[in-house]
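*Asks:* Structure incoming, see below.
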Amino acid sequence: MRRFLLLALTAGISIPIVACSPKKKTSIEPVVVKTLISASKSWNGDSFRYPKGQAEMKLEKITAQPGFKTPLHLHPQPGIIYVQKGTLFCKTSDGKSLTVKAGESFAASQNTAHYCQNNGTEDMVVFSASAGSKGNNTTVPIE
């Protein structure tokens with residue numbers, strides 16, 4: 001009887017300890033890094049050139065209603081775009097076009113006149129990151 005009691009007591013203590021052991025591996029990683037875009041040229045082939053002056057990084061969130069269309073413009077600095085919601089359509093002055101859907105990203109054109117619009121039926125949400133110079137506009141309208 002003593003042996004049975006000792007065995008039961010030992011099992012009662014050791015089984016919960018083994019069950020809580022930190023040796024158990026989980027499939028959840030503490031940090032996951034996924035590159036959404038890496039580019040040395042824009043979607044339409046423009047080579048990147050950084051403007052002179054004090055460097056300035058900028059991240060902008062743009063929300064546009066259905067039917068919104070930008071005026072013809074250009075960007076004097078490199079940039080990347082991530083479409084969070086909706087669909088973005090862009091067209092350059094030389095006729096190249098691009099359609100980007102939610103969850104996709106691209107390298108923005110640089111020094112090429114273009115317009116962009118929301119052709120969808122819902123608000124479009126876009127994040128734009130650029131590497132320009134302090135005091136200069138990230139978007140320059142074309143008249």
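Chain labels follow the order of the structure tokens: the first chain is A, the next B, and so on; residue numbering restarts at 1 in every chain, and ligands are counted from 1 in their shown order.
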Skip A:Gly95 itself and residues of its chain fewer than 4 positions away, then list as a list of chain:residue names all residues within 12 Å of it, counting only C-alpha atoms.
*Replies:*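 Returned residues: A:Asn44, A:Cys90, A:Lys91, A:Thr112, A:Ala113, A:His114, A:Tyr115.
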*Asks:* Can you check which parts of stretch 24-72 of chain A lie within 7 Å of stretch 118-122 of chain A? Per residue, the shortest pair of atoms and distance in Å to one decimal, counting only C-alpha atoms, sorted by chain and number, as JSON lines.
*Replies:*
```
{"residue": "A:Ala64", "atom": "CA", "partner": "A:Asn118", "partner_atom": "CA", "distance": 6.8}
{"residue": "A:Gln65", "atom": "CA", "partner": "A:Glu122", "partner_atom": "CA", "distance": 6.7}
{"residue": "A:Pro66", "atom": "CA", "partner": "A:Thr121", "partner_atom": "CA", "distance": 5.3}
{"residue": "A:Gly67", "atom": "CA", "partner": "A:Asn118", "partner_atom": "CA", "distance": 5.4}
{"residue": "A:Phe68", "atom": "CA", "partner": "A:Asn118", "partner_atom": "CA", "distance": 5.5}
{"residue": "A:Lys69", "atom": "CA", "partner": "A:Asn118", "partner_atom": "CA", "distance": 6.6}
```
*Asks:* Limited to N, CA and C atoms, could you put the picked residues into a file as a PDB file, in the first residue's frame?
*Replies:*
```pdb
ATOM      1  N   ALA A  64      -9.385  58.293 -50.248  1.00  0.00           N
ATOM      2  CA  ALA A  64     -10.048  58.922 -51.397  1.00  0.00           C
ATOM      3  C   ALA A  64     -11.391  58.258 -51.658  1.00  0.00           C
ATOM      4  N   GLN A  65     -12.393  59.071 -51.879  1.00  0.00           N
ATOM      5  CA  GLN A  65     -13.735  58.580 -52.172  1.00  0.00           C
ATOM      6  C   GLN A  65     -13.800  58.006 -53.585  1.00  0.00           C
ATOM      7  N   PRO A  66     -14.789  57.162 -53.864  1.00  0.00           N
ATOM      8  CA  PRO A  66     -14.963  56.640 -55.221  1.00  0.00           C
ATOM      9  C   PRO A  66     -15.083  57.788 -56.227  1.00  0.00           C
ATOM     10  N   GLY A  67     -14.405  57.643 -57.353  1.00  0.00           N
ATOM     11  CA  GLY A  67     -14.442  58.655 -58.395  1.00  0.00           C
ATOM     12  C   GLY A  67     -13.388  59.738 -58.269  1.00  0.00           C
ATOM     13  N   PHE A  68     -12.666  59.799 -57.122  1.00  0.00           N
ATOM     14  CA  PHE A  68     -11.637  60.826 -56.959  1.00  0.00           C
ATOM     15  C   PHE A  68     -10.525  60.631 -57.984  1.00  0.00           C
ATOM     16  N   LYS A  69     -10.051  61.729 -58.565  1.00  0.00           N
ATOM     17  CA  LYS A  69      -8.940  61.700 -59.522  1.00  0.00           C
ATOM     18  C   LYS A  69      -8.005  62.865 -59.216  1.00  0.00           C
TER      19      LYS A  69
END
```
*Asks:* Rounded to one decimal, what separation in Å do you get between atom CA of A:Pro71 and atom CA of A:Leu88?
*Replies:* 14.5 Å
*Asks:* Interatomic distance between atom CA of A:Asn111 and atom CA of A:Gly86?
*Replies:*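 Atom-to-atom, atom CA of A:Asn111 and atom CA of A:Gly86 are spaced 25.6 Å apart.
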*Asks:* Tell me which protein, DNA and RNA residues are within 9 Å of A:Leu36, counting only C-alpha atoms, leaving out same-chain ones fewer than 5 positions away, and put them as a PyMOL selection string.
*Replies:* chain A and resi 82+104-106
*Asks:* Those residues with N, CA and C atoms, as a tab-separated table (two decimals), in the first residue's frame please?
*Replies:*
```tsv
chain	number	residue	atom	x	y	z
A	82	TYR	N	1.48	51.63	-50.73
A	82	TYR	CA	0.80	50.41	-50.29
A	82	TYR	C	-0.69	50.70	-50.28
A	104	GLU	N	-1.55	45.16	-52.09
A	104	GLU	CA	-0.42	45.23	-53.02
A	104	GLU	C	0.33	46.55	-52.84
A	105	SER	N	1.57	46.56	-53.29
A	105	SER	CA	2.39	47.77	-53.20
A	105	SER	C	3.22	47.92	-54.47
A	106	PHE	N	3.77	49.13	-54.66
A	106	PHE	CA	4.61	49.40	-55.83
A	106	PHE	C	5.51	50.59	-55.56
```
*Asks:* What is the atom CA of A:Ala131 to atom CA of A:Lys58 distance in Å?
*Replies:*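 Value for the atom CA of A:Ala131-atom CA of A:Lys58 distance: 6.6 Å.
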*Asks:* Find the residues near A:Val126: any atom within 6 Å, counting only C-alpha atoms, skip ones fewer than 6 places away on the same chain, and give them as a ChimeraX atom specification.
*Replies:* /A:61-62,82-84
*Asks:* Let's have the selection written as a PDB file, in the first residue's frame, with N, CA and C atoms.
*Replies:*
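Dumped everything to result27.pdb:
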```
ATOM      1  N   LYS A  61      -1.012  58.841 -45.079  1.00  0.00           N
ATOM      2  CA  LYS A  61      -2.190  57.996 -45.271  1.00  0.00           C
ATOM      3  C   LYS A  61      -3.170  58.826 -46.092  1.00  0.00           C
ATOM      4  N   ILE A  62      -3.587  58.279 -47.221  1.00  0.00           N
ATOM      5  CA  ILE A  62      -4.478  58.985 -48.136  1.00  0.00           C
ATOM      6  C   ILE A  62      -5.777  58.200 -48.248  1.00  0.00           C
ATOM      7  N   TYR A  82       1.481  51.628 -50.727  1.00  0.00           N
ATOM      8  CA  TYR A  82       0.801  50.413 -50.286  1.00  0.00           C
ATOM      9  C   TYR A  82      -0.693  50.701 -50.281  1.00  0.00           C
ATOM     10  N   VAL A  83      -1.465  49.888 -50.996  1.00  0.00           N
ATOM     11  CA  VAL A  83      -2.914  50.051 -51.039  1.00  0.00           C
ATOM     12  C   VAL A  83      -3.518  49.158 -49.960  1.00  0.00           C
ATOM     13  N   GLN A  84      -4.104  49.777 -48.943  1.00  0.00           N
ATOM     14  CA  GLN A  84      -4.704  49.021 -47.840  1.00  0.00           C
ATOM     15  C   GLN A  84      -6.133  48.608 -48.169  1.00  0.00           C
TER      16      GLN A  84
END
```
